Amino acid sequence: GEDVEQSLFLSVREGDSSVINCTYTDSSSTYLYWYKQEPGAGLQLLTYIFSNMDMKQDQRLTVLLNKKDKHLSLRIADTQTGDSAIYFCAGLGGMNRDDKIIFGKGTRLHILP
Amino acid sequence: NAGVTQTPKFRILKIGQSMTLQCAQDMNHNYMYWYRQDPGMGLKLIYYSVGAGITDKGEVPNGYNVSRSTTEDFPLRLELAAPSQTSVYFCASRSDSEAFFGQGTRLTVV
């Protein structure tokens with residue numbers, strides 16, 4: 001079935017760039033998402049990318065999509081302490097191709113001073 | 001500007017009690033979802049709906065029921081609460097592209 005994989009932890013120094021990686025199995029996913037979850041809070045939609053795009057940039061966030069390798073990445077430029085959170089990668093999947101939202105287990109981003 | 005609204009925010013239930021978690025969206029989205037998130041874990045899909053009158057099971061539906069009589073509302077029902085249902089429950093709604101989440105309901109079953 002559909003699966004989304006992410007590494008569980010990432011440590012980055014404040015001011016450096018963070019790159020969070022994700023791989024997915026459902027090549028028919030039309031949309032892929034990145035969510036941010038701070039402790040005790042809900043999921044905040046950071047950005048999303050349509051499957052016919054290779055890259056999307058929004059201020060400090062850059063999403064890269066490699067459809068051939070089924071690889072998605074989120075780059076956060078100039079990482080700040082407020083970026084400390086869990087980041088979830090997700091994609092659309094399911095029998096009808098776009099009915100379910102399938103999540104990875106999340107990457108915990110830790111910011112080093 | 002409400003988006004997805006979940007009620008209640010917190011609830012303690014005794015084993016065997018029942019309750020309904022409410023979810024409402026004001027964006028006219030067709031797709032709606034219920035997920036649960038256990039401590040330190042990712043999200044597991046309980047049920048979802050692709051439109052009013054249509055619901056489908058996710059990966060962990062046992063012990064839950066849903067209905068979707070209107071586009072706006074997607075309540076989740078727990079009939080006989082068990083300690084294993086202690087979790088944070090998130091509702092989400094989606095257009096063709098963007099998907100937004102509610103703030104969650106933290107449920108404890110004792």
# chains A, B, ... in the order shown; residues from 1 in each chain; ligands from 1

call {"tool": "residues_around", "arguments": {"residues": "region 77-87 of chain A", "least_positions_apart": "5", "cutoff": "12 Å", "atoms": "only C-alpha atoms", "output": "tab-separated table (two decimals) with all heavy atoms, in the first residue's frame"}}
result
chain	number	residue	atom	x	y	z
A	6	GLN	N	10.16	9.11	6.46
A	6	GLN	CA	10.99	10.25	6.82
A	6	GLN	C	11.99	9.81	7.89
A	6	GLN	O	11.69	8.91	8.66
A	6	GLN	CB	10.16	11.37	7.47
A	6	GLN	CG	9.02	11.90	6.73
A	6	GLN	CD	8.26	12.94	7.53
A	6	GLN	OE1	7.07	12.78	7.77
A	6	GLN	NE2	8.93	14.02	7.94
A	7	SER	N	13.13	10.49	7.93
A	7	SER	CA	14.03	10.27	9.05
A	7	SER	C	13.40	10.90	10.29
A	7	SER	O	12.63	11.86	10.18
A	7	SER	CB	15.40	10.87	8.77
A	7	SER	OG	15.27	12.21	8.41
A	8	LEU	N	13.71	10.38	11.47
A	8	LEU	CA	13.00	10.79	12.67
A	8	LEU	C	13.56	12.05	13.32
A	8	LEU	O	12.83	12.78	13.99
A	8	LEU	CB	12.99	9.65	13.69
A	8	LEU	CG	12.22	8.39	13.28
A	8	LEU	CD1	12.26	7.35	14.39
A	8	LEU	CD2	10.77	8.72	12.92
A	9	PHE	N	14.86	12.29	13.15
A	9	PHE	CA	15.48	13.41	13.86
A	9	PHE	C	16.43	14.18	12.94
A	9	PHE	O	17.04	13.60	12.05
A	9	PHE	CB	16.30	12.92	15.08
A	9	PHE	CG	15.48	12.23	16.12
A	9	PHE	CD1	15.45	10.85	16.17
A	9	PHE	CD2	14.73	12.95	17.03
A	9	PHE	CE1	14.69	10.19	17.13
A	9	PHE	CE2	13.97	12.31	17.99
A	9	PHE	CZ	13.95	10.92	18.02
A	10	LEU	N	16.53	15.48	13.20
A	10	LEU	CA	17.49	16.32	12.50
A	10	LEU	C	17.92	17.42	13.45
A	10	LEU	O	17.06	18.09	14.05
A	10	LEU	CB	16.87	16.92	11.23
A	10	LEU	CG	17.75	17.87	10.43
A	10	LEU	CD1	18.93	17.13	9.83
A	10	LEU	CD2	16.95	18.56	9.33
A	11	SER	N	19.24	17.61	13.59
A	11	SER	CA	19.76	18.71	14.40
A	11	SER	C	20.48	19.69	13.49
A	11	SER	O	21.30	19.26	12.66
A	11	SER	CB	20.74	18.19	15.46
A	11	SER	OG	20.08	17.46	16.45
A	12	VAL	N	20.21	20.96	13.66
A	12	VAL	CA	20.78	22.00	12.80
A	12	VAL	C	21.16	23.19	13.67
A	12	VAL	O	20.44	23.52	14.62
A	12	VAL	CB	19.76	22.43	11.73
A	12	VAL	CG1	20.27	23.61	10.92
A	12	VAL	CG2	19.43	21.28	10.81
A	13	ARG	N	22.27	23.84	13.34
A	13	ARG	CA	22.67	25.05	14.06
A	13	ARG	C	21.83	26.23	13.60
A	13	ARG	O	21.49	26.37	12.42
A	13	ARG	CB	24.14	25.35	13.83
A	13	ARG	CG	25.06	24.32	14.45
A	13	ARG	CD	26.40	24.91	14.87
A	13	ARG	NE	27.18	23.87	15.56
A	13	ARG	CZ	27.08	23.62	16.85
A	13	ARG	NH1	26.26	24.32	17.61
A	13	ARG	NH2	27.79	22.66	17.40
A	14	GLU	N	21.51	27.07	14.56
A	14	GLU	CA	20.76	28.30	14.26
A	14	GLU	C	21.49	29.10	13.18
A	14	GLU	O	22.70	29.27	13.24
A	14	GLU	CB	20.63	29.13	15.53
A	14	GLU	CG	19.67	30.30	15.41
A	14	GLU	CD	19.48	31.04	16.74
A	14	GLU	OE1	20.07	30.60	17.76
A	14	GLU	OE2	18.74	32.04	16.75
A	15	GLY	N	20.74	29.52	12.18
A	15	GLY	CA	21.30	30.29	11.07
A	15	GLY	C	21.65	29.44	9.86
A	15	GLY	O	21.77	29.96	8.74
A	16	ASP	N	21.85	28.13	10.08
A	16	ASP	CA	22.13	27.24	8.94
A	16	ASP	C	20.83	26.89	8.23
A	16	ASP	O	19.74	27.22	8.70
A	16	ASP	CB	22.80	25.95	9.43
A	16	ASP	CG	24.24	26.18	9.84
A	16	ASP	OD1	24.77	27.31	9.60
A	16	ASP	OD2	24.85	25.25	10.42
A	17	SER	N	20.95	26.18	7.11
A	17	SER	CA	19.77	25.67	6.42
A	17	SER	C	19.43	24.27	6.93
A	17	SER	O	20.32	23.47	7.22
A	17	SER	CB	20.01	25.60	4.92
A	17	SER	OG	20.11	26.88	4.37
A	18	SER	N	18.15	24.00	7.03
A	18	SER	CA	17.68	22.66	7.40
A	18	SER	C	17.11	22.01	6.14
A	18	SER	O	16.38	22.66	5.39
A	18	SER	CB	16.56	22.74	8.44
A	18	SER	OG	16.95	23.47	9.57
A	19	VAL	N	17.42	20.74	5.94
A	19	VAL	CA	16.83	20.00	4.83
A	19	VAL	C	16.20	18.73	5.38
A	19	VAL	O	16.88	17.87	5.93
A	19	VAL	CB	17.87	19.65	3.75
A	19	VAL	CG1	17.18	18.87	2.62
A	19	VAL	CG2	18.52	20.91	3.20
A	20	ILE	N	14.90	18.65	5.23
A	20	ILE	CA	14.15	17.49	5.71
A	20	ILE	C	13.71	16.69	4.49
A	20	ILE	O	13.12	17.25	3.55
A	20	ILE	CB	12.93	17.93	6.54
A	20	ILE	CG1	13.38	18.82	7.70
A	20	ILE	CG2	12.16	16.70	7.06
A	20	ILE	CD1	12.25	19.49	8.44
A	21	ASN	N	14.01	15.40	4.50
A	21	ASN	CA	13.75	14.55	3.34
A	21	ASN	C	12.60	13.59	3.58
A	21	ASN	O	12.31	13.19	4.71
A	21	ASN	CB	15.02	13.75	3.00
A	21	ASN	CG	16.15	14.65	2.54
A	21	ASN	OD1	16.00	15.37	1.55
A	21	ASN	ND2	17.26	14.62	3.24
A	22	CYS	N	12.00	13.18	2.48
A	22	CYS	CA	10.83	12.31	2.53
A	22	CYS	C	10.81	11.47	1.26
A	22	CYS	O	11.12	11.99	0.17
A	22	CYS	CB	9.58	13.19	2.64
A	22	CYS	SG	8.00	12.37	2.41
A	33	TYR	N	2.51	17.39	0.66
A	33	TYR	CA	2.38	18.44	1.66
A	33	TYR	C	3.51	18.39	2.69
A	33	TYR	O	4.06	17.32	2.97
A	33	TYR	CB	1.06	18.26	2.43
A	33	TYR	CG	-0.19	18.21	1.58
A	33	TYR	CD1	-0.67	17.00	1.09
A	33	TYR	CD2	-0.89	19.37	1.28
A	33	TYR	CE1	-1.83	16.94	0.32
A	33	TYR	CE2	-2.04	19.32	0.51
A	33	TYR	CZ	-2.50	18.10	0.05
A	33	TYR	OH	-3.65	18.06	-0.72
A	34	TRP	N	3.75	19.56	3.28
A	34	TRP	CA	4.58	19.66	4.47
A	34	TRP	C	3.78	20.37	5.56
A	34	TRP	O	3.25	21.46	5.34
A	34	TRP	CB	5.88	20.42	4.20
A	34	TRP	CG	6.90	19.63	3.44
A	34	TRP	CD1	7.23	19.74	2.14
A	34	TRP	CD2	7.72	18.58	3.98
A	34	TRP	NE1	8.20	18.84	1.81
A	34	TRP	CE2	8.53	18.11	2.92
A	34	TRP	CE3	7.87	18.00	5.25
A	34	TRP	CZ2	9.46	17.09	3.08
A	34	TRP	CZ3	8.79	16.98	5.40
A	34	TRP	CH2	9.58	16.54	4.33
A	35	TYR	N	3.74	19.72	6.73
A	35	TYR	CA	3.07	20.30	7.89
A	35	TYR	C	4.07	20.49	9.01
A	35	TYR	O	5.03	19.72	9.14
A	35	TYR	CB	1.95	19.37	8.39
A	35	TYR	CG	0.74	19.35	7.50
A	35	TYR	CD1	0.66	18.47	6.43
A	35	TYR	CD2	-0.33	20.21	7.74
A	35	TYR	CE1	-0.46	18.44	5.61
A	35	TYR	CE2	-1.45	20.19	6.92
A	35	TYR	CZ	-1.51	19.30	5.87
A	35	TYR	OH	-2.61	19.29	5.06
A	36	LYS	N	3.80	21.46	9.87
A	36	LYS	CA	4.61	21.74	11.06
A	36	LYS	C	3.74	21.53	12.29
A	36	LYS	O	2.60	22.02	12.33
A	36	LYS	CB	5.14	23.18	11.01
A	36	LYS	CG	5.93	23.61	12.24
A	36	LYS	CD	6.33	25.07	12.12
A	36	LYS	CE	7.14	25.54	13.31
A	36	LYS	NZ	7.49	26.99	13.22
A	37	GLN	N	4.27	20.82	13.28
A	37	GLN	CA	3.53	20.66	14.53
A	37	GLN	C	4.43	21.04	15.70
A	37	GLN	O	5.45	20.41	15.95
A	37	GLN	CB	3.04	19.22	14.71
A	37	GLN	CG	2.14	19.06	15.93
A	37	GLN	CD	1.63	17.64	16.11
A	37	GLN	OE1	2.32	16.67	15.83
A	37	GLN	NE2	0.39	17.51	16.60
A	38	GLU	N	4.02	22.08	16.41
A	38	GLU	CA	4.72	22.48	17.62
A	38	GLU	C	4.13	21.73	18.81
A	38	GLU	O	3.02	21.21	18.72
A	38	GLU	CB	4.63	23.99	17.79
A	38	GLU	CG	5.35	24.71	16.65
A	38	GLU	CD	5.28	26.22	16.75
A	38	GLU	OE1	6.11	26.81	17.46
A	38	GLU	OE2	4.40	26.80	16.08
A	39	PRO	N	4.86	21.65	19.91
A	39	PRO	CA	4.39	20.84	21.07
A	39	PRO	C	3.00	21.23	21.52
A	39	PRO	O	2.72	22.41	21.74
A	39	PRO	CB	5.45	21.13	22.14
A	39	PRO	CG	6.68	21.49	21.37
A	39	PRO	CD	6.21	22.21	20.14
A	40	GLY	N	2.13	20.23	21.65
A	40	GLY	CA	0.78	20.46	22.15
A	40	GLY	C	-0.14	21.15	21.18
A	40	GLY	O	-1.26	21.51	21.55
A	41	ALA	N	0.29	21.32	19.94
A	41	ALA	CA	-0.52	22.08	18.98
A	41	ALA	C	-0.99	21.18	17.84
A	41	ALA	O	-0.62	20.01	17.75
A	41	ALA	CB	0.30	23.24	18.42
A	42	GLY	N	-1.81	21.75	16.98
A	42	GLY	CA	-2.28	21.03	15.81
A	42	GLY	C	-1.27	21.08	14.68
A	42	GLY	O	-0.13	21.52	14.85
A	43	LEU	N	-1.70	20.63	13.51
A	43	LEU	CA	-0.82	20.62	12.34
A	43	LEU	C	-1.07	21.87	11.51
A	43	LEU	O	-2.21	22.14	11.10
A	43	LEU	CB	-1.07	19.37	11.49
A	43	LEU	CG	-0.34	18.12	11.95
A	43	LEU	CD1	-1.05	17.50	13.13
A	43	LEU	CD2	-0.24	17.13	10.80
A	44	GLN	N	0.01	22.57	11.23
A	44	GLN	CA	-0.06	23.79	10.43
A	44	GLN	C	0.45	23.48	9.03
A	44	GLN	O	1.58	23.00	8.86
A	44	GLN	CB	0.81	24.86	11.08
A	44	GLN	CG	0.93	26.14	10.29
A	44	GLN	CD	2.06	27.02	10.81
A	44	GLN	OE1	2.67	26.75	11.84
A	44	GLN	NE2	2.35	28.09	10.09
A	45	LEU	N	-0.38	23.76	8.03
A	45	LEU	CA	0.05	23.55	6.65
A	45	LEU	C	1.11	24.59	6.31
A	45	LEU	O	0.85	25.79	6.30
A	45	LEU	CB	-1.13	23.68	5.70
A	45	LEU	CG	-0.82	23.55	4.20
A	45	LEU	CD1	-0.27	22.17	3.88
A	45	LEU	CD2	-2.07	23.84	3.37
A	46	LEU	N	2.33	24.11	6.00
A	46	LEU	CA	3.42	25.02	5.64
A	46	LEU	C	3.39	25.33	4.16
A	46	LEU	O	3.48	26.49	3.74
A	46	LEU	CB	4.77	24.39	5.98
A	46	LEU	CG	5.22	24.38	7.42
A	46	LEU	CD1	6.57	23.68	7.52
A	46	LEU	CD2	5.30	25.78	7.99
A	47	THR	N	3.32	24.28	3.37
A	47	THR	CA	3.36	24.44	1.94
A	47	THR	C	2.95	23.13	1.29
A	47	THR	O	2.90	22.09	1.95
A	47	THR	CB	4.78	24.86	1.46
A	47	THR	OG1	4.74	25.15	0.06
A	47	THR	CG2	5.80	23.78	1.74
A	57	GLN	N	8.95	27.73	-4.06
A	57	GLN	CA	9.62	28.53	-3.04
A	57	GLN	C	8.62	29.49	-2.42
A	57	GLN	O	7.80	30.09	-3.10
A	57	GLN	CB	10.78	29.30	-3.66
A	57	GLN	CG	11.67	29.96	-2.63
A	57	GLN	CD	13.06	30.24	-3.16
A	57	GLN	OE1	13.37	29.94	-4.30
A	57	GLN	NE2	13.90	30.81	-2.33
A	58	ASP	N	8.71	29.61	-1.10
A	58	ASP	CA	7.83	30.52	-0.36
A	58	ASP	C	8.63	31.07	0.79
A	58	ASP	O	8.79	30.42	1.81
A	58	ASP	CB	6.59	29.76	0.13
A	58	ASP	CG	5.60	30.68	0.84
A	58	ASP	OD1	5.85	31.90	0.90
A	58	ASP	OD2	4.56	30.17	1.31
A	59	GLN	N	9.16	32.28	0.62
A	59	GLN	CA	10.00	32.95	1.63
A	59	GLN	C	11.16	32.05	2.01
A	59	GLN	O	12.00	31.73	1.16
A	59	GLN	CB	9.14	33.37	2.82
A	59	GLN	CG	8.04	34.34	2.41
A	59	GLN	CD	7.21	34.83	3.57
A	59	GLN	OE1	7.12	34.22	4.62
A	59	GLN	NE2	6.56	35.98	3.38
A	60	ARG	N	11.26	31.60	3.26
A	60	ARG	CA	12.42	30.78	3.66
A	60	ARG	C	12.28	29.30	3.31
A	60	ARG	O	13.20	28.52	3.52
A	60	ARG	CB	12.64	30.91	5.18
A	60	ARG	CG	13.09	32.28	5.65
A	60	ARG	CD	13.56	32.27	7.11
A	60	ARG	NE	12.51	31.90	8.03
A	60	ARG	CZ	12.58	30.85	8.87
A	60	ARG	NH1	13.64	30.07	8.88
A	60	ARG	NH2	11.58	30.59	9.69
A	61	LEU	N	11.13	28.93	2.77
A	61	LEU	CA	10.86	27.52	2.49
A	61	LEU	C	11.03	27.22	1.01
A	61	LEU	O	10.52	27.95	0.16
A	61	LEU	CB	9.42	27.17	2.90
A	61	LEU	CG	9.02	27.44	4.35
A	61	LEU	CD1	7.56	27.06	4.56
A	61	LEU	CD2	9.91	26.69	5.31
A	62	THR	N	11.74	26.11	0.72
A	62	THR	CA	11.86	25.62	-0.64
A	62	THR	C	11.52	24.14	-0.65
A	62	THR	O	12.08	23.37	0.13
A	62	THR	CB	13.29	25.82	-1.19
A	62	THR	OG1	13.63	27.20	-1.11
A	62	THR	CG2	13.38	25.35	-2.64
A	63	VAL	N	10.59	23.77	-1.50
A	63	VAL	CA	10.22	22.37	-1.67
A	63	VAL	C	10.78	21.88	-2.99
A	63	VAL	O	10.61	22.54	-4.02
A	63	VAL	CB	8.69	22.20	-1.65
A	63	VAL	CG1	8.34	20.73	-1.87
A	63	VAL	CG2	8.11	22.70	-0.34
A	103	PHE	N	0.41	10.11	5.81
A	103	PHE	CA	1.46	10.85	6.51
A	103	PHE	C	2.68	9.99	6.80
A	103	PHE	O	2.58	8.79	7.06
A	103	PHE	CB	0.93	11.37	7.84
A	103	PHE	CG	0.09	12.60	7.71
A	103	PHE	CD1	-1.25	12.50	7.39
A	103	PHE	CD2	0.64	13.85	7.89
A	103	PHE	CE1	-2.04	13.64	7.24
A	103	PHE	CE2	-0.12	15.00	7.76
A	103	PHE	CZ	-1.46	14.89	7.44
A	104	GLY	N	3.85	10.63	6.77
A	104	GLY	CA	5.03	10.04	7.34
A	104	GLY	C	4.98	10.15	8.86
A	104	GLY	O	4.07	10.77	9.43
A	105	LYS	N	5.97	9.57	9.54
A	105	LYS	CA	5.97	9.57	11.00
A	105	LYS	C	6.48	10.88	11.60
A	105	LYS	O	6.41	11.07	12.81
A	105	LYS	CB	6.81	8.39	11.53
A	105	LYS	CG	6.14	7.05	11.31
A	105	LYS	CD	6.95	5.92	11.91
A	105	LYS	CE	6.17	4.64	11.99
A	105	LYS	NZ	5.49	4.24	10.76
A	106	GLY	N	7.00	11.75	10.75
A	106	GLY	CA	7.44	13.06	11.24
A	106	GLY	C	8.92	13.11	11.54
A	106	GLY	O	9.51	12.13	11.99
A	107	THR	N	9.52	14.27	11.27
A	107	THR	CA	10.94	14.52	11.57
A	107	THR	C	11.01	15.60	12.63
A	107	THR	O	10.49	16.71	12.43
A	107	THR	CB	11.69	15.00	10.30
A	107	THR	OG1	11.62	14.00	9.30
A	107	THR	CG2	13.14	15.32	10.63
A	108	ARG	N	11.65	15.27	13.75
A	108	ARG	CA	11.79	16.26	14.83
A	108	ARG	C	13.02	17.10	14.55
A	108	ARG	O	14.15	16.58	14.50
A	108	ARG	CB	11.90	15.55	16.18
A	108	ARG	CG	11.91	16.50	17.38
A	108	ARG	CD	12.00	15.72	18.68
A	108	ARG	NE	10.83	14.88	18.89
A	108	ARG	CZ	9.71	15.28	19.47
A	108	ARG	NH1	9.60	16.52	19.92
A	108	ARG	NH2	8.70	14.45	19.63
A	109	LEU	N	12.82	18.39	14.34
A	109	LEU	CA	13.92	19.32	14.05
A	109	LEU	C	14.35	19.99	15.35
A	109	LEU	O	13.55	20.65	16.02
A	109	LEU	CB	13.47	20.37	13.04
A	109	LEU	CG	14.49	21.45	12.68
A	109	LEU	CD1	15.74	20.84	12.05
A	109	LEU	CD2	13.87	22.50	11.76
A	110	HIS	N	15.64	19.79	15.68
A	110	HIS	CA	16.21	20.38	16.89
A	110	HIS	C	17.21	21.45	16.48
A	110	HIS	O	18.08	21.21	15.63
A	110	HIS	CB	16.90	19.29	17.72
A	110	HIS	CG	17.56	19.80	18.95
A	110	HIS	ND1	16.88	20.42	19.98
A	110	HIS	CD2	18.86	19.80	19.32
A	110	HIS	CE1	17.73	20.78	20.91
A	110	HIS	NE2	18.93	20.40	20.55
A	111	ILE	N	17.09	22.62	17.07
A	111	ILE	CA	17.96	23.74	16.71
A	111	ILE	C	19.06	23.88	17.76
A	111	ILE	O	18.78	24.05	18.96
A	111	ILE	CB	17.17	25.06	16.63
A	111	ILE	CG1	15.88	24.85	15.82
A	111	ILE	CG2	18.04	26.17	16.06
A	111	ILE	CD1	16.10	24.36	14.41
A	112	LEU	N	20.30	23.84	17.31
A	112	LEU	CA	21.44	24.01	18.20
A	112	LEU	C	21.85	25.48	18.24
A	112	LEU	O	21.85	26.14	17.20
A	112	LEU	CB	22.62	23.16	17.70
A	112	LEU	CG	22.34	21.65	17.60
A	112	LEU	CD1	23.44	20.98	16.79
A	112	LEU	CD2	22.25	21.06	19.00
A	113	PRO	N	22.20	25.99	19.42
A	113	PRO	CA	22.56	27.43	19.51
A	113	PRO	C	23.90	27.72	18.83
A	113	PRO	O	24.71	26.83	18.62
A	113	PRO	CB	22.65	27.67	21.02
A	113	PRO	CG	22.85	26.32	21.62
A	113	PRO	CD	22.21	25.31	20.72
B	40	GLY	N	4.09	10.94	20.84
B	40	GLY	CA	5.35	10.71	20.16
B	40	GLY	C	5.22	9.97	18.85
B	40	GLY	O	6.24	9.54	18.28
B	41	MET	N	4.01	9.84	18.36
B	41	MET	CA	3.80	9.06	17.14
B	41	MET	C	3.26	9.94	16.02
B	41	MET	O	2.92	11.11	16.22
B	41	MET	CB	2.81	7.92	17.42
B	41	MET	CG	3.22	7.01	18.56
B	41	MET	SD	4.68	6.06	18.17
B	41	MET	CE	3.96	4.83	17.09
B	42	GLY	N	3.15	9.33	14.84
B	42	GLY	CA	2.56	10.03	13.71
B	42	GLY	C	1.05	9.94	13.73
B	42	GLY	O	0.44	9.63	14.76

call {"tool": "closest_atom_pairs", "arguments": {"of": "chain B", "to": "chain A", "cutoff": "7 Å", "atoms": "only C-alpha atoms", "output": "JSON lines"}}
result
{"residue": "B:Met41", "atom": "CA", "partner": "A:Lys105", "partner_atom": "CA", "distance": 6.5}
{"residue": "B:Gly42", "atom": "CA", "partner": "A:Lys105", "partner_atom": "CA", "distance": 4.4}
{"residue": "B:Leu43", "atom": "CA", "partner": "A:Phe103", "partner_atom": "CA", "distance": 6.5}
{"residue": "B:Val50", "atom": "CA", "partner": "A:Asp99", "partner_atom": "CA", "distance": 6.7}
{"residue": "B:Ser97", "atom": "CA", "partner": "A:Tyr31", "partner_atom": "CA", "distance": 6.6}
{"residue": "B:Phe100", "atom": "CA", "partner": "A:Leu45", "partner_atom": "CA", "distance": 6.5}
{"residue": "B:Phe101", "atom": "CA", "partner": "A:Leu43", "partner_atom": "CA", "distance": 6.0}
{"residue": "B:Gly102", "atom": "CA", "partner": "A:Gly42", "partner_atom": "CA", "distance": 6.6}
{"residue": "B:Gln103", "atom": "CA", "partner": "A:Gly42", "partner_atom": "CA", "distance": 4.6}
{"residue": "B:Gly104", "atom": "CA", "partner": "A:Gly42", "partner_atom": "CA", "distance": 6.1}

call {"tool": "residues_around", "arguments": {"residues": "Lys9 (chain B)", "least_positions_apart": "6", "cutoff": "10 Å", "atoms": "only C-alpha atoms", "output": "number ranges by chain"}}
result
B: 21-22, 88-89, 103-107

call {"tool": "write_last_selection", "arguments": {"atoms": "N, CA and C atoms", "output": "short mmCIF file (atom, residue, chain, number, x, y, z; two decimals), in the first residue's frame"}}
result
data_model
loop_
_atom_site.label_atom_id
_atom_site.label_comp_id
_atom_site.auth_asym_id
_atom_site.auth_seq_id
_atom_site.Cartn_x
_atom_site.Cartn_y
_atom_site.Cartn_z
N LEU B 21 -17.15 13.30 19.10
CA LEU B 21 -16.23 14.40 18.83
C LEU B 21 -16.78 15.15 17.61
N GLN B 22 -16.91 16.46 17.77
CA GLN B 22 -17.50 17.25 16.70
C GLN B 22 -16.41 17.87 15.84
N VAL B 88 -4.86 11.96 20.97
CA VAL B 88 -5.29 13.26 20.47
C VAL B 88 -5.92 13.02 19.10
N TYR B 89 -7.11 13.56 18.91
CA TYR B 89 -7.86 13.34 17.68
C TYR B 89 -7.87 14.61 16.85
N GLN B 103 -7.62 22.05 15.69
CA GLN B 103 -6.64 22.14 16.76
C GLN B 103 -6.58 20.87 17.61
N GLY B 104 -7.49 19.95 17.39
CA GLY B 104 -7.40 18.67 18.08
C GLY B 104 -8.30 18.56 19.29
N THR B 105 -8.64 17.32 19.63
CA THR B 105 -9.36 16.99 20.87
C THR B 105 -8.50 16.00 21.63
N ARG B 106 -8.11 16.39 22.85
CA ARG B 106 -7.29 15.51 23.68
C ARG B 106 -8.22 14.68 24.54
N LEU B 107 -8.27 13.36 24.29
CA LEU B 107 -9.19 12.46 24.97
C LEU B 107 -8.41 11.50 25.87
#

call {"tool": "atom_distance", "arguments": {"atom1": "CA of Met27 (chain B)", "atom2": "CA of Pro8 (chain B)"}}
result
20.3 Å

call {"tool": "closest_residue", "arguments": {"among": "B:Lys44, B:Gln25, B:Lys57, B:Val109", "to": "Leu78 (chain B)", "atoms": "only C-alpha atoms"}}
result
B:Val109

call {"tool": "atom_distance", "arguments": {"atom1": "CA of Ala92 (chain B)", "atom2": "CA of Lys70 (chain A)"}}
result
24.9 Å

call {"tool": "residues_around", "arguments": {"residues": "Val110 (chain B)", "least_positions_apart": "4", "cutoff": "12 Å", "atoms": "only C-alpha atoms", "output": "list in words"}}
result
Arg11, Ile12, Leu13, Lys14, Ile15, Gly16, Gln17, Ala81, Ala82, Pro83, Ser84, Gln85, Thr86 and Ser87 of chain B

call {"tool": "closest_residue", "arguments": {"among": "B:His29, B:Val4, B:Pro39, B:Thr20", "to": "Asp96 (chain B)", "atoms": "only C-alpha atoms"}}
result
B:His29

call {"tool": "closest_residue", "arguments": {"among": "A:Ile76, A:Leu64, A:Met55, A:His71", "to": "Thr23 (chain A)", "atoms": "only C-alpha atoms"}}
result
A:His71

call {"tool": "atom_distance", "arguments": {"atom1": "CA of Asn62 (chain B)", "atom2": "CA of Tyr47 (chain B)"}}
result
9.9 Å

call {"tool": "select_by_dssp", "arguments": {"residues": "chain B", "states": "strand (DSSP E)", "output": "ChimeraX atom specification"}}
result
/B:4-7,10-13,19-25,31-37,43-51,54-57,64-66,76-78,87-94,99-101,105-109

call {"tool": "residues_around", "arguments": {"residues": "region 53-56 of chain B", "least_positions_apart": "4", "cutoff": "8 Å", "atoms": "only C-alpha atoms", "output": "list in words"}}
result
Tyr47, Tyr48, Ser49, Val66, Ser67, Arg68, Ser69 and Thr70 of chain B

call {"tool": "closest_residue", "arguments": {"among": "B:Phe90, B:Glu59, B:Leu45, B:Ala99", "to": "Pro75 (chain B)", "atoms": "only C-alpha atoms"}}
result
B:Phe90
